[in-house]
file coords-v2.txt (compact mmCIF, C-alpha atoms and all ligand atoms)
# COMPACT_ATOMS: atom_id res chain seq x y z
CA MET A 39 -21.17 -9.98 27.18
CA ASN A 40 -18.81 -8.16 24.90
CA ALA A 41 -15.22 -8.08 26.12
CA ALA A 42 -14.41 -4.93 24.16
CA LEU A 43 -13.96 -1.66 26.04
CA LEU A 44 -15.04 0.40 23.05
CA SER A 45 -17.16 -1.11 20.30
CA LEU A 46 -18.11 0.46 16.98
CA LYS A 47 -20.95 -1.37 15.22
CA ASN A 48 -21.77 -0.62 11.59
CA ILE A 49 -20.81 3.01 12.04
CA SER A 50 -21.30 5.26 9.00
CA MET A 51 -20.92 8.99 8.51
CA GLU A 52 -22.60 10.35 5.46
CA TYR A 53 -22.42 13.97 4.35
CA SER A 54 -24.90 15.33 1.81
CA ASN A 55 -23.51 13.29 -1.07
CA PHE A 56 -20.37 11.75 0.34
CA ILE A 57 -19.73 8.77 2.62
CA ALA A 58 -16.77 9.63 4.87
CA VAL A 59 -17.00 6.46 6.99
CA ASP A 60 -18.69 3.40 5.55
CA ASP A 61 -20.08 0.64 7.79
CA LEU A 62 -17.14 0.46 10.15
CA ASN A 63 -16.89 -2.32 12.74
CA LEU A 64 -14.19 -2.24 15.38
CA ASP A 65 -13.73 -3.67 18.86
CA ILE A 66 -11.04 -2.07 20.99
CA LYS A 67 -9.74 -3.86 24.06
CA LYS A 68 -8.94 -2.32 27.42
CA GLY A 69 -5.35 -1.14 27.58
CA GLU A 70 -4.74 -1.55 23.88
CA PHE A 71 -2.64 0.81 21.75
CA ILE A 72 -4.49 0.81 18.45
CA SER A 73 -3.80 2.98 15.42
CA LEU A 74 -6.05 4.03 12.58
CA MET A 75 -3.89 4.44 9.52
CA GLY A 76 -4.64 5.33 5.93
CA PRO A 77 -4.21 8.03 3.29
CA SER A 78 -5.41 11.57 3.81
CA GLY A 79 -9.21 11.80 3.56
CA CYS A 80 -9.89 8.11 4.28
CA GLY A 81 -12.04 8.88 7.34
CA LYS A 82 -9.61 8.53 10.26
CA SER A 83 -10.39 11.84 11.98
CA THR A 84 -14.11 11.44 11.36
CA THR A 85 -13.98 8.05 13.11
CA LEU A 86 -12.10 9.50 16.07
CA ARG A 87 -14.49 12.46 16.31
CA MET A 88 -17.44 10.06 16.46
CA MET A 89 -15.77 8.16 19.29
CA ALA A 90 -15.21 11.43 21.16
CA GLY A 91 -18.80 12.54 20.56
CA LEU A 92 -17.78 15.59 18.53
CA ASP A 93 -19.81 14.17 15.64
CA ASN A 94 -22.62 11.67 15.71
CA PRO A 95 -22.72 8.92 13.08
CA THR A 96 -25.56 8.91 10.57
CA SER A 97 -26.04 5.23 11.38
CA GLY A 98 -24.58 2.55 13.61
CA ALA A 99 -23.92 2.18 17.30
CA LEU A 100 -21.08 2.94 19.70
CA TYR A 101 -20.66 1.15 23.02
CA LEU A 102 -18.34 1.91 25.91
CA ASP A 103 -18.23 -1.02 28.31
CA GLY A 104 -21.43 -2.29 26.71
CA GLU A 105 -23.29 1.01 27.15
CA SER A 106 -24.49 3.00 24.16
CA GLN A 107 -22.70 6.33 23.89
CA LEU A 108 -24.61 8.09 21.13
CA GLU A 109 -26.74 10.07 23.58
CA VAL A 110 -23.78 10.78 25.87
CA PRO A 111 -22.26 14.26 25.42
CA THR A 112 -18.52 14.63 24.75
CA GLU A 113 -17.60 15.79 28.25
CA LYS A 114 -19.35 12.80 29.81
CA ARG A 115 -17.70 10.21 27.57
CA GLY A 116 -14.33 10.66 29.25
CA MET A 117 -12.36 10.29 26.04
CA PRO A 118 -10.19 13.38 25.73
CA MET A 119 -8.50 14.10 22.43
CA VAL A 120 -5.00 15.34 21.62
CA TRP A 121 -4.71 17.20 18.33
CA GLN A 122 -2.03 17.85 15.77
CA ASN A 123 -2.23 21.61 16.42
CA PHE A 124 -2.26 21.06 20.23
CA ALA A 125 -5.40 23.23 20.68
CA LEU A 126 -4.15 24.73 23.95
CA PHE A 127 -5.65 27.87 25.49
CA PRO A 128 -3.28 30.70 24.53
CA PHE A 129 -4.53 32.98 27.32
CA LEU A 130 -3.72 30.46 30.07
CA ASN A 131 -0.27 29.46 31.28
CA VAL A 132 0.96 25.86 31.30
CA GLN A 133 -0.35 25.06 34.76
CA LYS A 134 -3.77 26.65 34.11
CA ASN A 135 -4.08 24.75 30.83
CA ILE A 136 -3.46 21.48 32.59
CA GLU A 137 -5.83 22.36 35.44
CA PHE A 138 -8.61 23.37 33.07
CA PRO A 139 -10.41 20.02 32.64
CA LEU A 140 -10.34 19.51 36.42
CA LYS A 141 -11.89 22.94 36.88
CA MET A 142 -14.65 21.94 34.46
CA GLN A 143 -15.27 18.87 36.60
CA GLY A 144 -15.60 21.08 39.67
CA VAL A 145 -12.44 19.84 41.39
CA PRO A 146 -11.50 22.31 44.20
CA SER A 147 -8.60 24.64 43.57
CA GLU A 148 -6.09 23.02 45.90
CA ALA A 149 -6.66 19.48 44.61
CA ARG A 150 -6.45 20.86 41.08
CA SER A 151 -3.05 22.42 41.53
CA LYS A 152 -1.74 19.32 43.26
CA LYS A 153 -2.87 17.06 40.41
CA ALA A 154 -1.57 19.48 37.76
CA ALA A 155 1.78 19.69 39.57
CA GLU A 156 2.12 15.91 39.39
CA TRP A 157 1.58 15.96 35.64
CA ILE A 158 3.86 18.94 35.18
CA GLU A 159 6.62 16.97 36.86
CA ARG A 160 5.84 13.74 35.08
CA MET A 161 6.00 15.45 31.68
CA GLY A 162 9.24 17.29 32.50
CA LEU A 163 7.56 20.70 32.41
CA THR A 164 8.50 21.94 35.90
CA GLU A 165 10.51 24.95 34.74
CA PHE A 166 7.73 25.98 32.32
CA ALA A 167 4.76 25.79 34.69
CA LYS A 168 4.14 29.56 34.72
CA ARG A 169 5.00 30.18 31.09
CA ASN A 170 2.52 31.18 28.45
CA ILE A 171 1.87 28.71 25.66
CA SER A 172 3.38 31.11 23.10
CA GLN A 173 6.72 30.78 24.90
CA LEU A 174 6.94 27.02 24.40
CA SER A 175 8.43 24.88 21.65
CA GLY A 176 6.29 22.43 19.67
CA GLY A 177 7.44 19.46 21.73
CA GLN A 178 6.73 21.27 25.01
CA ARG A 179 3.29 22.27 23.77
CA GLN A 180 2.48 18.69 22.88
CA ARG A 181 3.55 17.55 26.35
CA VAL A 182 1.22 20.17 27.86
CA ALA A 183 -1.59 18.92 25.62
CA LEU A 184 -0.94 15.34 26.74
CA ALA A 185 -0.88 16.37 30.40
CA ARG A 186 -4.12 18.30 29.96
CA ALA A 187 -5.77 15.25 28.39
CA LEU A 188 -4.46 12.79 30.97
CA VAL A 189 -4.95 14.83 34.14
CA THR A 190 -8.52 13.58 34.47
CA GLU A 191 -7.28 9.96 34.34
CA PRO A 192 -9.47 8.94 31.40
CA ARG A 193 -9.85 5.31 30.37
CA ILE A 194 -9.32 6.14 26.73
CA LEU A 195 -7.07 8.72 25.12
CA LEU A 196 -7.75 9.75 21.53
CA LEU A 197 -4.84 11.14 19.54
CA ASP A 198 -5.23 12.68 16.08
CA GLU A 199 -1.86 12.89 14.32
CA PRO A 200 -0.35 14.38 17.50
CA LEU A 201 3.22 14.30 16.23
CA SER A 202 2.87 15.52 12.67
CA ALA A 203 3.61 19.17 13.52
CA LEU A 204 6.94 18.21 15.11
CA ASP A 205 10.31 17.79 13.38
CA SER A 206 11.48 14.25 12.74
CA HIS A 207 13.96 14.09 15.62
CA LEU A 208 11.37 15.22 18.14
CA ARG A 209 8.77 12.94 16.59
CA ILE A 210 10.87 9.87 17.35
CA LYS A 211 11.55 11.10 20.89
CA MET A 212 7.83 11.70 21.50
CA GLN A 213 7.01 8.23 20.13
CA THR A 214 9.15 6.74 22.87
CA GLU A 215 7.45 8.96 25.46
CA LEU A 216 3.99 7.95 24.26
CA VAL A 217 4.84 4.26 24.44
CA ARG A 218 6.23 4.73 27.93
CA LEU A 219 3.14 6.67 29.07
CA HIS A 220 0.86 4.04 27.60
CA LYS A 221 2.70 1.29 29.47
CA GLU A 222 2.81 3.15 32.76
CA LEU A 223 -0.81 4.30 32.74
CA GLY A 224 -2.36 1.14 31.29
CA ILE A 225 -5.06 3.16 29.54
CA THR A 226 -6.31 2.63 26.00
CA PHE A 227 -4.69 4.75 23.30
CA ILE A 228 -6.50 5.23 20.00
CA TYR A 229 -4.07 6.86 17.62
CA VAL A 230 -4.69 8.33 14.20
CA THR A 231 -1.81 8.67 11.78
CA HIS A 232 -0.95 8.47 8.10
CA SER A 233 2.58 7.42 9.06
CA GLN A 234 3.36 3.74 8.84
CA SER A 235 6.47 3.98 10.96
CA GLU A 236 4.53 5.66 13.80
CA ALA A 237 1.70 3.16 13.64
CA PHE A 238 3.93 0.11 13.36
CA THR A 239 6.41 1.18 16.06
CA MET A 240 3.88 1.95 18.76
CA SER A 241 0.73 -0.08 18.20
CA ASP A 242 -0.51 -3.44 19.38
CA ARG A 243 -2.91 -3.44 16.42
CA VAL A 244 -3.34 -1.30 13.36
CA VAL A 245 -6.55 -0.59 11.42
CA ILE A 246 -5.87 0.20 7.76
CA MET A 247 -8.57 2.37 6.19
CA ASN A 248 -9.24 3.54 2.66
CA GLN A 249 -12.18 5.56 1.32
CA GLY A 250 -14.10 5.25 4.57
CA LYS A 251 -13.77 1.48 4.73
CA VAL A 252 -11.70 -0.78 6.93
CA GLN A 253 -9.25 -2.70 4.75
CA GLN A 254 -7.52 -4.76 7.39
CA ILE A 255 -7.17 -5.00 11.17
CA GLY A 256 -4.17 -6.79 12.61
CA THR A 257 -0.87 -6.62 14.42
CA PRO A 258 1.83 -4.68 12.57
CA LYS A 259 3.49 -7.99 11.73
CA GLN A 260 0.28 -9.50 10.33
CA ILE A 261 -0.32 -6.47 8.18
CA TYR A 262 3.26 -6.35 7.01
CA ARG A 263 3.62 -10.05 6.23
CA ALA A 264 0.06 -10.91 5.24
CA PRO A 265 -1.74 -7.94 3.69
CA ASN A 266 -5.40 -8.72 2.93
CA ASN A 267 -5.60 -7.04 -0.40
CA ALA A 268 -3.58 -5.15 -3.00
CA PHE A 269 -4.45 -1.77 -1.45
CA VAL A 270 -2.90 -2.73 1.90
CA ALA A 271 0.12 -4.35 0.23
CA GLU A 272 0.76 -1.22 -1.80
CA PHE A 273 -0.07 1.28 0.95
CA ILE A 274 2.35 -0.12 3.50
CA GLY A 275 5.17 0.15 0.98
CA MET A 276 8.18 -2.12 0.77
CA ASN A 277 6.18 -4.64 -1.22
CA ASN A 278 6.67 -5.34 -4.91
CA LEU A 279 3.50 -6.05 -6.85
CA ILE A 280 3.40 -7.55 -10.35
CA PRO A 281 0.00 -7.62 -12.05
CA GLY A 282 -0.97 -10.74 -13.98
CA ALA A 283 -3.58 -13.44 -14.43
CA VAL A 284 -3.84 -16.62 -12.40
CA LEU A 285 -2.71 -19.53 -14.56
CA ARG A 286 -2.92 -22.49 -12.21
CA LEU A 287 -4.35 -22.89 -8.71
CA GLU A 288 -3.48 -25.89 -6.61
CA ASP A 289 -3.86 -26.74 -3.00
CA LYS A 290 -0.93 -24.76 -1.66
CA THR A 291 0.67 -23.21 -4.70
CA ALA A 292 -0.43 -21.06 -7.58
CA GLU A 293 1.08 -19.81 -10.81
CA ILE A 294 0.58 -16.40 -12.29
CA ARG A 295 1.32 -15.20 -15.81
CA THR A 296 2.72 -11.67 -15.92
CA ASP A 297 4.44 -9.69 -18.65
CA LEU A 298 7.70 -10.46 -16.84
CA GLY A 299 7.18 -14.21 -16.99
CA ILE A 300 5.38 -16.97 -15.14
CA PHE A 301 5.91 -17.14 -11.39
CA LYS A 302 5.00 -19.55 -8.63
CA ALA A 303 3.44 -18.28 -5.44
CA ARG A 304 2.07 -19.39 -2.11
CA SER A 305 -1.55 -18.86 -0.94
CA PHE A 306 -4.08 -16.84 -2.87
CA VAL A 307 -6.45 -14.67 -0.91
CA GLY A 308 -9.45 -14.24 -3.17
CA ALA A 309 -7.59 -15.35 -6.28
CA GLN A 310 -9.39 -17.35 -8.96
CA LYS A 311 -8.14 -18.97 -12.14
CA ASP A 312 -7.93 -16.65 -15.17
CA THR A 313 -8.79 -13.61 -13.08
CA PRO A 314 -6.57 -10.55 -12.69
CA SER A 315 -4.38 -10.81 -9.66
CA LYS A 316 -1.20 -9.39 -8.22
CA LEU A 317 1.93 -11.22 -7.20
CA VAL A 318 3.39 -9.72 -4.01
CA ILE A 319 7.02 -10.06 -2.90
CA ALA A 320 8.24 -8.13 0.13
CA ALA A 321 11.36 -6.05 -0.54
CA ASP A 322 13.31 -7.81 2.20
CA CYS A 323 12.60 -11.28 0.76
CA ILE A 324 14.56 -10.63 -2.42
CA HIS A 325 18.08 -12.01 -2.87
CA LEU A 326 20.84 -10.36 -4.85
CA ASP A 327 23.06 -13.44 -5.06
CA GLY A 328 20.73 -15.39 -7.37
CA SER A 329 19.99 -17.98 -4.70
CA GLY A 330 16.16 -17.84 -4.96
CA GLU A 331 14.08 -20.14 -7.22
CA GLN A 332 12.18 -17.36 -9.00
CA LYS A 333 14.33 -15.00 -11.03
CA ILE A 334 13.97 -11.65 -12.72
CA SER A 335 16.54 -9.25 -14.12
CA GLY A 336 16.92 -5.50 -13.99
CA LYS A 337 19.28 -2.58 -13.60
CA ILE A 338 20.05 -0.55 -10.48
CA SER A 339 18.42 2.86 -10.80
CA GLY A 340 18.79 4.26 -7.32
CA GLU A 341 19.28 3.68 -3.64
CA GLU A 342 18.01 5.04 -0.36
CA PHE A 343 20.11 4.68 2.73
CA VAL A 344 18.49 4.69 6.17
CA GLY A 345 20.83 3.73 8.99
CA SER A 346 22.02 0.16 8.57
CA VAL A 347 19.36 -0.71 6.01
CA ILE A 348 19.53 0.18 2.35
CA THR A 349 16.75 0.14 -0.25
CA LEU A 350 17.84 -0.47 -3.83
CA PHE A 351 15.57 0.57 -6.68
CA ILE A 352 15.80 -1.77 -9.64
CA GLU A 353 14.35 -0.98 -13.04
CA LEU A 354 12.90 -4.09 -14.66
CA LYS A 355 12.64 -4.78 -18.40
CA ASN A 356 9.01 -3.59 -18.55
CA GLY A 357 9.92 -0.28 -16.90
CA GLN A 358 8.48 -1.28 -13.53
CA GLU A 359 10.54 -0.46 -10.46
CA PHE A 360 11.33 -3.10 -7.84
CA LYS A 361 12.44 -2.35 -4.29
CA VAL A 362 15.01 -4.53 -2.56
CA GLN A 363 15.81 -4.03 1.10
CA LYS A 364 19.14 -5.24 2.44
CA GLN A 365 21.62 -4.70 5.21
CA GLN A 366 24.16 -2.06 4.23
CA HIS A 367 27.15 -4.39 4.75
CA GLU A 368 25.61 -7.00 2.47
CA VAL A 369 25.14 -4.51 -0.37
CA GLU A 370 28.63 -3.08 0.12
CA SER A 371 30.22 -6.52 -0.18
CA LEU A 372 28.57 -7.00 -3.60
CA ASN A 373 30.22 -3.88 -5.01
CA LEU A 374 27.20 -2.97 -7.16
CA LYS A 375 27.28 -0.23 -9.79
CA TYR A 376 24.46 2.01 -11.03
CA GLY A 377 23.10 0.78 -14.34
CA ALA A 378 24.70 -2.64 -13.94
CA ASP A 379 22.64 -5.72 -14.81
CA LEU A 380 21.44 -7.57 -11.79
CA THR A 381 19.52 -10.79 -11.15
CA LEU A 382 16.90 -10.56 -8.44
CA SER A 383 15.55 -13.79 -7.02
CA TRP A 384 13.17 -15.03 -4.36
CA ASN A 385 11.59 -18.25 -3.19
CA ALA A 386 8.01 -19.07 -4.10
CA GLU A 387 7.16 -19.48 -0.41
CA ASN A 388 7.85 -15.75 0.05
CA ALA A 389 5.57 -14.70 -2.78
CA PHE A 390 1.78 -14.65 -2.63
CA LEU A 391 -1.17 -13.68 -4.75
CA LEU A 392 -3.81 -11.06 -3.97
CA ALA A 393 -6.91 -10.26 -5.94
CA SER A 394 -6.57 -6.93 -7.75
P1 LIG B 1 -8.63 11.80 7.41
O1 LIG B 1 -8.58 12.19 8.84
O2 LIG B 1 -8.48 10.32 7.20
O3 LIG B 1 -7.64 12.56 6.57
P2 LIG B 1 -11.33 12.84 7.51
O4 LIG B 1 -11.98 11.89 8.43
O5 LIG B 1 -10.95 14.17 8.06
O6 LIG B 1 -10.07 12.15 6.81
O7 LIG B 1 -12.28 13.10 6.28
C1 LIG B 1 -12.83 12.05 5.52
C2 LIG B 1 -13.58 12.62 4.35
O8 LIG B 1 -14.76 13.28 4.77
C3 LIG B 1 -12.76 13.65 3.57
O9 LIG B 1 -12.94 13.42 2.20
C4 LIG B 1 -13.36 14.95 3.98
O10 LIG B 1 -13.25 15.90 2.96
C5 LIG B 1 -14.80 14.58 4.26
N1 LIG B 1 -15.40 15.46 5.25
C6 LIG B 1 -14.96 15.66 6.52
N2 LIG B 1 -15.76 16.53 7.18
C7 LIG B 1 -16.73 16.88 6.30
C8 LIG B 1 -17.88 17.75 6.37
N3 LIG B 1 -18.17 18.44 7.48
N4 LIG B 1 -18.65 17.86 5.25
C9 LIG B 1 -18.36 17.17 4.12
N5 LIG B 1 -17.32 16.33 4.01
C10 LIG B 1 -16.51 16.20 5.07
MG MG B 2 -7.39 13.63 9.78

call {"tool": "encode", "arguments": {"input": "coords-v2.txt", "output": "structure tokens", "more": "lines below"}}
Ligand code: ADP
Ligand code: MG
result
Amino acid sequence: MNAALLSLKNISMEYSNFIAVDDLNLDIKKGEFISLMGPSGCGKSTTLRMMAGLDNPTSGALYLDGESQLEVPTEKRGMPMVWQNFALFPFLNVQKNIEFPLKMQGVPSEARSKKAAEWIERMGLTEFAKRNISQLSGGQRQRVALARALVTEPRILLLDEPLSALDSHLRIKMQTELVRLHKELGITFIYVTHSQSEAFTMSDRVVIMNQGKVQQIGTPKQIYRAPNNAFVAEFIGMNNLIPGAVLRLEDKTAEIRTDLGIFKARSFVGAQKDTPSKLVIAADCIHLDGSGEQKISGKISGEEFVGSVITLFIELKNGQEFKVQKQQHEVESLNLKYGADLTLSWNAENAFLLAS
């Protein structure tokens, strides 16, 4: 017996001469908040559409609670979808939009309005109940779309970049609302996004995709601290990668020769001696006070300030740019100047090799 609520087995979607989703395997647990993340065109929406039954895979199987879904039409799968462009009915007011799926299910009028009223209140839409969709802001529209999807009490909610049409302030506010809803309702959220901050803030697990293939599945922390391959390390940002060739491989440590010198590193997923590889050092594992064992020098070429955290951009001798992430107060106390020479350092235990 498979413990997964929703199970995708060797799912592929092939268009005439293009594979949009390539042999995807994924088990989603009941109550999980899982995100599919990856660059534009990597197959996220296609995967979600196949779950919803809007598209059928060219091969593979899809199980809900152990039952094959490929013959089950969209409306019977009970996995409503929330879209980036909201996809509300412009000719219906807020209340009628929210009632619509219940009407389709044949719920009597009185029960429908009662249920819709509950969701209108829950989503803070009471004063807009009789308004037309065109008279609502983006955030209000997205709350209507969420209410319309949730009013039927589905077991799974599918969300395709639902926040990307909103401004950044509202996006953060809606993230909090989504997390709260997910907790309160205990239903499974499957969330598509290209935004790392959205995926990492809200999800229990994240699936990183590229070119139709799953690259890594893990908790945000696993993906951040232990990327599987160079694509993941690069895609999630805030990692520094130096290409080189593996010089020495021992039980727990390795050495890599790069055009910036020879460095020691921990672990080596897929690395082999004399093969091209990449040394990975997370931006927040780099010291500015020279206290790490491995050293490299460069010049400050820029900075990016986000709240209490600052990212420094350091130009290395070979022209490569390194990112260093520090607390603002720590950087301030060092009194750094643009263009000044700087020694970056890290400990070998915070550096690892990935096959390139
Ligand atoms: P994402 O949501 O990750 O941005 P999609 O799943 O929408 O990506 O698309 C994945 C790939 O499949 C894209 O390259 C897209 O152009 C292609 N694709 C999507 N739908 C079709 C279609 N109907 N015919 C041909 N190619 C398609
Ligand atoms: Mg998409």

call {"tool": "residues_around", "arguments": {"input": "coords-v2.txt", "residues": "Glu52 in chain A", "least_positions_apart": "5", "cutoff": "10 Å", "atoms": "only C-alpha atoms", "output": "JSON, numbers by chain"}}
result
{"A": [57, 58, 59, 60, 95, 96, 97, 250]}

call {"tool": "residues_around", "arguments": {"input": "coords-v2.txt", "residues": "Asp379 in chain A", "least_positions_apart": "2", "cutoff": "12 Å", "atoms": "all atoms listed in the file", "output": "NGL selection string"}}
result
:A and (326 or 334-339 or 352-355 or 374-377 or 381-382)

call {"tool": "write_last_selection", "arguments": {"input": "coords-v2.txt", "atoms": "C-alpha atoms", "output": "short mmCIF file (atom, residue, chain, number, x, y, z; two decimals), in the frame of the given file"}}
result
data_model
loop_
_atom_site.label_atom_id
_atom_site.label_comp_id
_atom_site.auth_asym_id
_atom_site.auth_seq_id
_atom_site.Cartn_x
_atom_site.Cartn_y
_atom_site.Cartn_z
CA LEU A 326 20.84 -10.36 -4.85
CA ILE A 334 13.97 -11.65 -12.72
CA SER A 335 16.54 -9.25 -14.12
CA GLY A 336 16.92 -5.50 -13.99
CA LYS A 337 19.28 -2.58 -13.60
CA ILE A 338 20.05 -0.55 -10.48
CA SER A 339 18.42 2.86 -10.80
CA ILE A 352 15.80 -1.77 -9.64
CA GLU A 353 14.35 -0.98 -13.04
CA LEU A 354 12.90 -4.09 -14.66
CA LYS A 355 12.64 -4.78 -18.40
CA LEU A 374 27.20 -2.97 -7.16
CA LYS A 375 27.28 -0.23 -9.79
CA TYR A 376 24.46 2.01 -11.03
CA GLY A 377 23.10 0.78 -14.34
CA THR A 381 19.52 -10.79 -11.15
CA LEU A 382 16.90 -10.56 -8.44
#

call {"tool": "atom_distance", "arguments": {"input": "coords-v2.txt", "atom1": "CA of Leu372 in chain A", "atom2": "CA of Ala386 in chain A"}}
result
23.8 Å

call {"tool": "residues_near_ligand", "arguments": {"input": "coords-v2.txt", "ligand": "ligand LIG 1 (chain B)", "cutoff": "6 Å", "atoms": "all atoms listed in the file", "output": "number ranges by chain"}}
result
A: 53, 58, 78-84

call {"tool": "closest_atom_pairs", "arguments": {"input": "coords-v2.txt", "of": "chain A", "to": "ligand MG 2 (chain B)", "cutoff": "12 Å", "atoms": "all atoms listed in the file", "output": "CSV"}}
result
residue,atom,partner,partner_atom,distance
A:Ala58,CA,B:MG2,MG,11.3
A:Leu74,CA,B:MG2,MG,10.1
A:Met75,CA,B:MG2,MG,9.8
A:Gly76,CA,B:MG2,MG,9.6
A:Pro77,CA,B:MG2,MG,9.1
A:Ser78,CA,B:MG2,MG,6.6
A:Gly79,CA,B:MG2,MG,6.7
A:Cys80,CA,B:MG2,MG,8.2
A:Gly81,CA,B:MG2,MG,7.1
A:Lys82,CA,B:MG2,MG,5.6
A:Ser83,CA,B:MG2,MG,4.1
A:Thr84,CA,B:MG2,MG,7.2
A:Thr85,CA,B:MG2,MG,9.3
A:Leu86,CA,B:MG2,MG,8.9
A:Arg87,CA,B:MG2,MG,9.7
A:Trp121,CA,B:MG2,MG,9.6
A:Gln122,CA,B:MG2,MG,9.1
A:Asn123,CA,B:MG2,MG,11.6
A:Leu197,CA,B:MG2,MG,10.4
A:Asp198,CA,B:MG2,MG,6.7
A:Glu199,CA,B:MG2,MG,7.2
A:Pro200,CA,B:MG2,MG,10.5
A:Ser202,CA,B:MG2,MG,10.8
A:Tyr229,CA,B:MG2,MG,10.9
A:Val230,CA,B:MG2,MG,7.4
A:Thr231,CA,B:MG2,MG,7.7
A:His232,CA,B:MG2,MG,8.4
A:Ser233,CA,B:MG2,MG,11.8
A:Met247,CA,B:MG2,MG,11.9
A:Gly250,CA,B:MG2,MG,11.9

call {"tool": "closest_residue", "arguments": {"input": "coords-v2.txt", "among": "A:Lys67, A:Lys311, A:Lys364, A:Arg304", "to": "Ile324 in chain A", "atoms": "all atoms listed in the file"}}
result
A:Lys364

call {"tool": "atom_distance", "arguments": {"input": "coords-v2.txt", "atom1": "CA of Phe343 in chain A", "atom2": "CA of Thr239 in chain A"}}
result
19.4 Å

call {"tool": "closest_atom_pairs", "arguments": {"input": "coords-v2.txt", "of": "range 200-249 of chain A", "to": "range 178-190 of chain A", "cutoff": "12 Å", "atoms": "only C-alpha atoms", "output": "Markdown table"}}
result
| residue | atom | partner | partner_atom | distance |
| --- | --- | --- | --- | --- |
| A:Pro200 | CA | A:Gln180 | CA | 7.5 |
| A:Leu201 | CA | A:Gln180 | CA | 8.0 |
| A:Ser202 | CA | A:Gln180 | CA | 10.7 |
| A:Ala203 | CA | A:Gln180 | CA | 9.4 |
| A:Leu204 | CA | A:Gln180 | CA | 9.0 |
| A:Leu208 | CA | A:Gln178 | CA | 10.3 |
| A:Arg209 | CA | A:Gln180 | CA | 10.6 |
| A:Lys211 | CA | A:Arg181 | CA | 11.6 |
| A:Met212 | CA | A:Arg181 | CA | 8.7 |
| A:Gln213 | CA | A:Gln180 | CA | 11.7 |
| A:Glu215 | CA | A:Arg181 | CA | 9.5 |
| A:Leu216 | CA | A:Leu184 | CA | 9.2 |
| A:Leu219 | CA | A:Leu184 | CA | 9.9 |
| A:His220 | CA | A:Leu188 | CA | 10.8 |
| A:Leu223 | CA | A:Leu188 | CA | 9.4 |
| A:Gly224 | CA | A:Leu188 | CA | 11.8 |
| A:Ile225 | CA | A:Leu188 | CA | 9.8 |
| A:Thr226 | CA | A:Leu188 | CA | 11.5 |
| A:Phe227 | CA | A:Leu188 | CA | 11.1 |

call {"tool": "closest_residue", "arguments": {"input": "coords-v2.txt", "among": "A:Ile194, A:Ile274, A:Val369, A:Leu140", "to": "Gly69 in chain A", "atoms": "all atoms listed in the file"}}
result
A:Ile194

call {"tool": "closest_residue", "arguments": {"input": "coords-v2.txt", "among": "A:Ile136, A:Ala321, A:Ile255, A:Val344", "to": "Val362 in chain A", "atoms": "only C-alpha atoms"}}
result
A:Ala321

call {"tool": "atom_distance", "arguments": {"input": "coords-v2.txt", "atom1": "CA of Asn48 in chain A", "atom2": "CA of Asp103 in chain A"}}
result
17.1 Å

call {"tool": "residues_around", "arguments": {"input": "coords-v2.txt", "residues": "Phe390 in chain A", "least_positions_apart": "3", "cutoff": "6 Å", "atoms": "all atoms listed in the file", "output": "list in words"}}
result
Ala303, Arg304, Ser305, Leu317 and Val318 of chain A

call {"tool": "closest_residue", "arguments": {"input": "coords-v2.txt", "among": "A:Phe127, A:Phe273, A:Tyr262, A:Phe301", "to": "Asp322 in chain A", "atoms": "all atoms listed in the file"}}
result
A:Tyr262

call {"tool": "closest_residue", "arguments": {"input": "coords-v2.txt", "among": "A:Val284, A:Ile72, A:Leu196, A:Leu174", "to": "Asp242 in chain A", "atoms": "only C-alpha atoms"}}
result
A:Ile72

call {"tool": "closest_residue", "arguments": {"input": "coords-v2.txt", "among": "A:Leu392, A:Leu44, A:Ile300, A:Ile319", "to": "Ala268 in chain A", "atoms": "all atoms listed in the file"}}
result
A:Leu392

call {"tool": "residues_around", "arguments": {"input": "coords-v2.txt", "residues": "Phe129 in chain A", "least_positions_apart": "2", "cutoff": "9 Å", "atoms": "all atoms listed in the file", "output": "ChimeraX atom specification"}}
result
/A:126-127,131,135,170-171

call {"tool": "axis_aligned_box", "arguments": {"input": "coords-v2.txt", "around": "range 310-322 of chain A", "padding_each_side": "6 Å", "output": "lines of an AutoDock Vina configuration file"}}
result
center_x = 2.0
center_y = -12.5
center_z = -6.5
size_x = 34.7
size_y = 24.9
size_z = 29.4

call {"tool": "residues_around", "arguments": {"input": "coords-v2.txt", "residues": "range 383-385 of chain A", "least_positions_apart": "3", "cutoff": "6 Å", "atoms": "all atoms listed in the file", "output": "PyMOL selection string"}}
result
chain A and resi 324-325+328+330-333+388

call {"tool": "write_last_selection", "arguments": {"input": "coords-v2.txt", "atoms": "C-alpha atoms", "output": "compact mmCIF listing (two decimals), keeping the file's coordinate frame"}}
result
# COMPACT_ATOMS: atom_id res chain seq x y z
CA ILE A 324 14.56 -10.63 -2.42
CA HIS A 325 18.08 -12.01 -2.87
CA GLY A 328 20.73 -15.39 -7.37
CA GLY A 330 16.16 -17.84 -4.96
CA GLU A 331 14.08 -20.14 -7.22
CA GLN A 332 12.18 -17.36 -9.00
CA LYS A 333 14.33 -15.00 -11.03
CA ASN A 388 7.85 -15.75 0.05
